[in-house]
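Comments concern the structure below.
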Amino acid sequence: MAQAVSLIFPDGSRREYDAVATGADIAASISKSLAKKAVAYALDGTLRDLADPIGEAGGRIEIITRDDPRALELIRHDAAHVMAEAVQELYPGTQVTIGPVIENGFYYDFARDEPFTPEDLPVIEKKMREIIARNKPFTKEVWPRERARQVFRDKGEFYKVELVDAIPEGEDVKIYAQGDWFDLCRGPHMVSTGQIGNAFKLMKVAGAYWRGDSENAMLTRIYGTAWATQEQLDQYLHMLEEAEKRDHRRLGREMDLFHFQEEGPGVVFWHAKGWRLFQNLVSYMRRRLDGTYEEVNAPQVLDHSLWQTSGHWGWYKENMFKVECADEEAEDKRVFALKPMNCPGHVQIFKHGLKSYRDLPIRLAEFGTVHRYEPSGALHGLMRVRGFTQDDAHIFCTEEQLAEECLKINELILSTYADFGFKEIKVFLSTRPEKRVGSDALWDHAEEIMTGVLEEIGRSDSRITTAINPGDGAFYGPKFDYVLKDAIGREWQCGTTQIDFNLPERFGAFYIDRDSEKKQPVMIHRAICGSMERFLGILIENYAGHFPLWFAPVQVVVATITSDADAYACEVAGRLKAAGLTVETDLRNEKINYKVREHSHAKVPVILVCGKREAEERTVNMRRLGSREQASLSLEEAVASLAGEATPPDMRRAAS
């Protein structure tokens, strides 16, 4: 007789089943309708095939239906298998290699003499819909290793033979079939191909080396996306269209902000307007820190011994740039490194001179340029570079001050994001990882404080979502990560607050406490934008280049209709500049519609048109980016209105 196993259901109820009972059996025991809708089940959070027996361990069980968010991974996994079957049915002799689920979709790598092209995708899609309509069940078998090798070898699937060989001894060799077609796979899968639905689309083809090694054969990768409903697919495709329109690299060219070139891979060539935009961001952040932080600057190049002390040389060396004097005969020939982060330098500044508990907290900020090696294939415009500027700060405080400092940082981060129009923010507390420094008691204390801070953050604003990421903290302490949502629904992790037990200890940093004893400070790492370059890339895409007037690199263009208005246009520009605006004039002998189109394409927020009549009446014709409406204003009214609108939000708050 099978062993009775106790299962706990989501409502807290507990029932006993035979260990051989499957997820399907359990769903049927609850209701016929649930059994029809079920596609898998989860035992203690791990997804399983609905046909899998529950086993003797028991635990917490959840029946997964197709509309459960966790089913989306199964839909995509199954779609990948169906795509592989469609390819082999259409193109005999093609070898199937690997096909994982990825963010928003899936892919499969294929070995074929003639690479696939985008023109093949509609044909494969059509065949996939035929296979889904057959509604064949997914079935699982565990094969002996040698049988799996032989079957795939006989089929000419030599990549699969290699994958079988790579499965560790003692692990099952699982084969999943859908009708007559089968593949090596860990699983799980849904019940049948029909549960995939038709909300999928093949997106693109690309080259990919086998196992990611350039020494290996080049394969063809086909990417696809799959969703639970057609509405979700349509929303995703619309988001991709919007993302393409908003691509910061394209807008950077159109707006003449920056460029990249081969001689400087991963570093930005800022043009005048782009550098003005960069400095606008730096100026804004400087104003936000004024009076609460001391701005410092640590050296760009430091002896590698400092990085050995910090631990970066051992943990991070492959991502660092080594620097040596080109003169082999130099007297002080040493190995240096370009700094990948600012924190060790800030510890040195803190250590310079004796510090008392009365001096704490000490908040050191730096807009420090750092360099980190990123593989060339990972570089992506401003979003992923090798040289960038951090709006970095480090707070040295006592344990008693830790909670208050974290709350002050949180207020600064959230208000900064709000000033740039980001309203929906997620804050995650990442707790101790398996590999870490510091005692458990120290971690307990820090996590207790930060959990309390997280609860207070969650109460502060209904638009703030909080959650815990167990085990995802830095090796030196727990941290908060701030994730913001942009105008088209994408999420970006930007800000962070990290507690560090490690660096002050490694460098022997201390302060003198009330009892005249040396005591190690708590060090808080914090960033708001993170990488200033990446944050600007996010802003460009969030605004689609339509920056608010206070932040735009060129705020106003004064354009003339005829040369009769040139002198007046220059006067208008002068008045606006005197009021603090960034202004350009366009006095070219071109038609006004041409000028307006050109400056609108460059995303200039306001165009003031001046003709002979405007010069005589001392007015301007105002046109705003994205609007067809025009407004005639007196010069005085226009200057006052634009000057007010161009005042940054932080300065507006300070003046109120």
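Each chain in the structure tokens gets a letter, A, B, ..., in the order shown, and its residues are numbered from 1; ligands are numbered from 1 in order too.
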*Could you pull out the residues in region 419-570 of chain A that DSSP calls alpha helix (DSSP H) from the backbone, as a PyMOL selection string?*
chain A and resi 419+440-460+502-506+532-543+566-570
*What lies within 9 Å of region 443-450 of chain A using only C-alpha atoms, ignoring chain neighbours under 4 positions off, as a PyMOL selection string?*
chain A and resi 399+402-403+406+429+431-432+438-439+454-455+477-480+499
_Set the distance at 6 Å and use only C-alpha atoms: which residues neighbour Leu633 (chain A) once local chain neighbours fewer than 2 positions away are removed? I'd like the list as number ranges by chain._
A: 619-620, 638
*Could you name the residues that touch region 354-357 of chain A at 8 Å or less, counting only C-alpha atoms, but leaving out those on the same chain fewer than 6 positions away, as an MDAnalysis selection string?*
chainID A and resid 398 510:514
*Rounded to one decimal in Å, what is the spacing between CA of Ala84 (chain A) and CA of Ala35 (chain A)?*
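Interatomic distance, CA of Ala84 (chain A) to CA of Ala35 (chain A): 28.6 Å.
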*Quote the spacing between CA of Tyr41 (chain A) and CA of Glu85 (chain A) in Å to one decimal place.*
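Interatomic distance, CA of Tyr41 (chain A) to CA of Glu85 (chain A): 25.4 Å.
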*In terms of the shortest atom-to-atom distance over only C-alpha atoms, which of A:Ala418, A:Leu642, A:Ala19, A:Ile30 is closest to Gly58 (chain A)?*
A:Ala19
_Residues within 9 Å of Gly266 (chain A), only C-alpha atoms, excluding chain neighbours under 6 positions, as a list in words_ = Phe260, Tyr373, Glu374, Ser376, Leu379, His380, Gly381, Leu382, Arg384, Val385, Arg386 and Gly387 of chain A
Generate the output file for the selected residues, C-alpha atoms, as a PDB file, in the first residue's frame.
```
ATOM      1  CA  PHE A 260      30.581  56.009 -30.143  1.00  0.00           C
ATOM      2  CA  TYR A 373      35.701  45.973 -18.550  1.00  0.00           C
ATOM      3  CA  GLU A 374      32.548  44.749 -20.269  1.00  0.00           C
ATOM      4  CA  SER A 376      32.270  43.920 -26.468  1.00  0.00           C
ATOM      5  CA  LEU A 379      28.108  47.015 -24.841  1.00  0.00           C
ATOM      6  CA  HIS A 380      24.864  48.857 -25.588  1.00  0.00           C
ATOM      7  CA  GLY A 381      24.930  52.609 -26.149  1.00  0.00           C
ATOM      8  CA  LEU A 382      24.736  54.565 -22.897  1.00  0.00           C
ATOM      9  CA  ARG A 384      26.229  49.447 -20.971  1.00  0.00           C
ATOM     10  CA  VAL A 385      29.603  51.164 -21.244  1.00  0.00           C
ATOM     11  CA  ARG A 386      33.153  50.687 -20.020  1.00  0.00           C
ATOM     12  CA  GLY A 387      33.730  54.216 -18.765  1.00  0.00           C
TER      13      GLY A 387
END
```
*CA of Val268 (chain A) to CA of Arg287 (chain A): how many Å, to one decimal?*
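For CA of Val268 (chain A) relative to CA of Arg287 (chain A), the distance reads 24.9 Å.
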*Any idea what's packed within 7 Å of region 275-283 of chain A, counting only C-alpha atoms, ignoring anything in its chain fewer than 3 positions away? Could you give it as a ChimeraX atom specification?*
/A:270-272,286-287,551-553
*Which of these residues is nearest to Leu251 (chain A), using only C-alpha atoms: A:Gly508, A:Gly274, A:Ile102, A:Ile222?*
A:Gly274
*Can you list, as a ChimeraX atom specification, every protein, DNA or RNA residue that comes within 12 Å of Arg14 (chain A) when you count only C-alpha atoms, leaving out same-chain residues fewer than 2 positions away?*
/A:5-12,16-17,58-61
Emit the selected residues as a short mmCIF file (atom, residue, chain, number, x, y, z; two decimals), in the first residue's frame, including N, CA and C atoms.
```cif
data_model
loop_
_atom_site.label_atom_id
_atom_site.label_comp_id
_atom_site.auth_asym_id
_atom_site.auth_seq_id
_atom_site.Cartn_x
_atom_site.Cartn_y
_atom_site.Cartn_z
N VAL A 5 0.75 10.72 2.36
CA VAL A 5 1.55 11.94 2.40
C VAL A 5 0.64 13.12 2.71
N SER A 6 1.09 14.00 3.59
CA SER A 6 0.30 15.18 3.96
C SER A 6 0.67 16.36 3.07
N LEU A 7 -0.35 16.97 2.48
CA LEU A 7 -0.16 18.14 1.63
C LEU A 7 -0.87 19.34 2.24
N ILE A 8 -0.22 20.51 2.15
CA ILE A 8 -0.80 21.75 2.66
C ILE A 8 -1.21 22.60 1.46
N PHE A 9 -2.46 23.05 1.45
CA PHE A 9 -3.00 23.82 0.33
C PHE A 9 -2.89 25.32 0.62
N PRO A 10 -3.03 26.16 -0.43
CA PRO A 10 -2.85 27.60 -0.24
C PRO A 10 -3.74 28.21 0.84
N ASP A 11 -4.93 27.63 1.07
CA ASP A 11 -5.81 28.19 2.11
C ASP A 11 -5.44 27.72 3.51
N GLY A 12 -4.35 26.94 3.61
CA GLY A 12 -3.90 26.46 4.91
C GLY A 12 -4.44 25.11 5.29
N GLU A 16 -4.47 14.37 3.17
CA GLU A 16 -3.53 13.28 2.93
C GLU A 16 -3.84 12.58 1.61
N TYR A 17 -2.76 12.20 0.90
CA TYR A 17 -2.88 11.49 -0.37
C TYR A 17 -1.83 10.38 -0.40
N GLY A 58 5.92 15.14 0.68
CA GLY A 58 4.81 16.04 0.95
C GLY A 58 5.25 17.50 0.85
N GLY A 59 4.46 18.38 1.44
CA GLY A 59 4.80 19.80 1.42
C GLY A 59 3.63 20.67 1.03
N ARG A 60 3.94 21.89 0.64
CA ARG A 60 2.90 22.84 0.24
C ARG A 60 2.64 22.69 -1.26
N ILE A 61 1.40 22.51 -1.62
CA ILE A 61 1.06 22.26 -3.01
C ILE A 61 0.16 23.36 -3.56
#
```
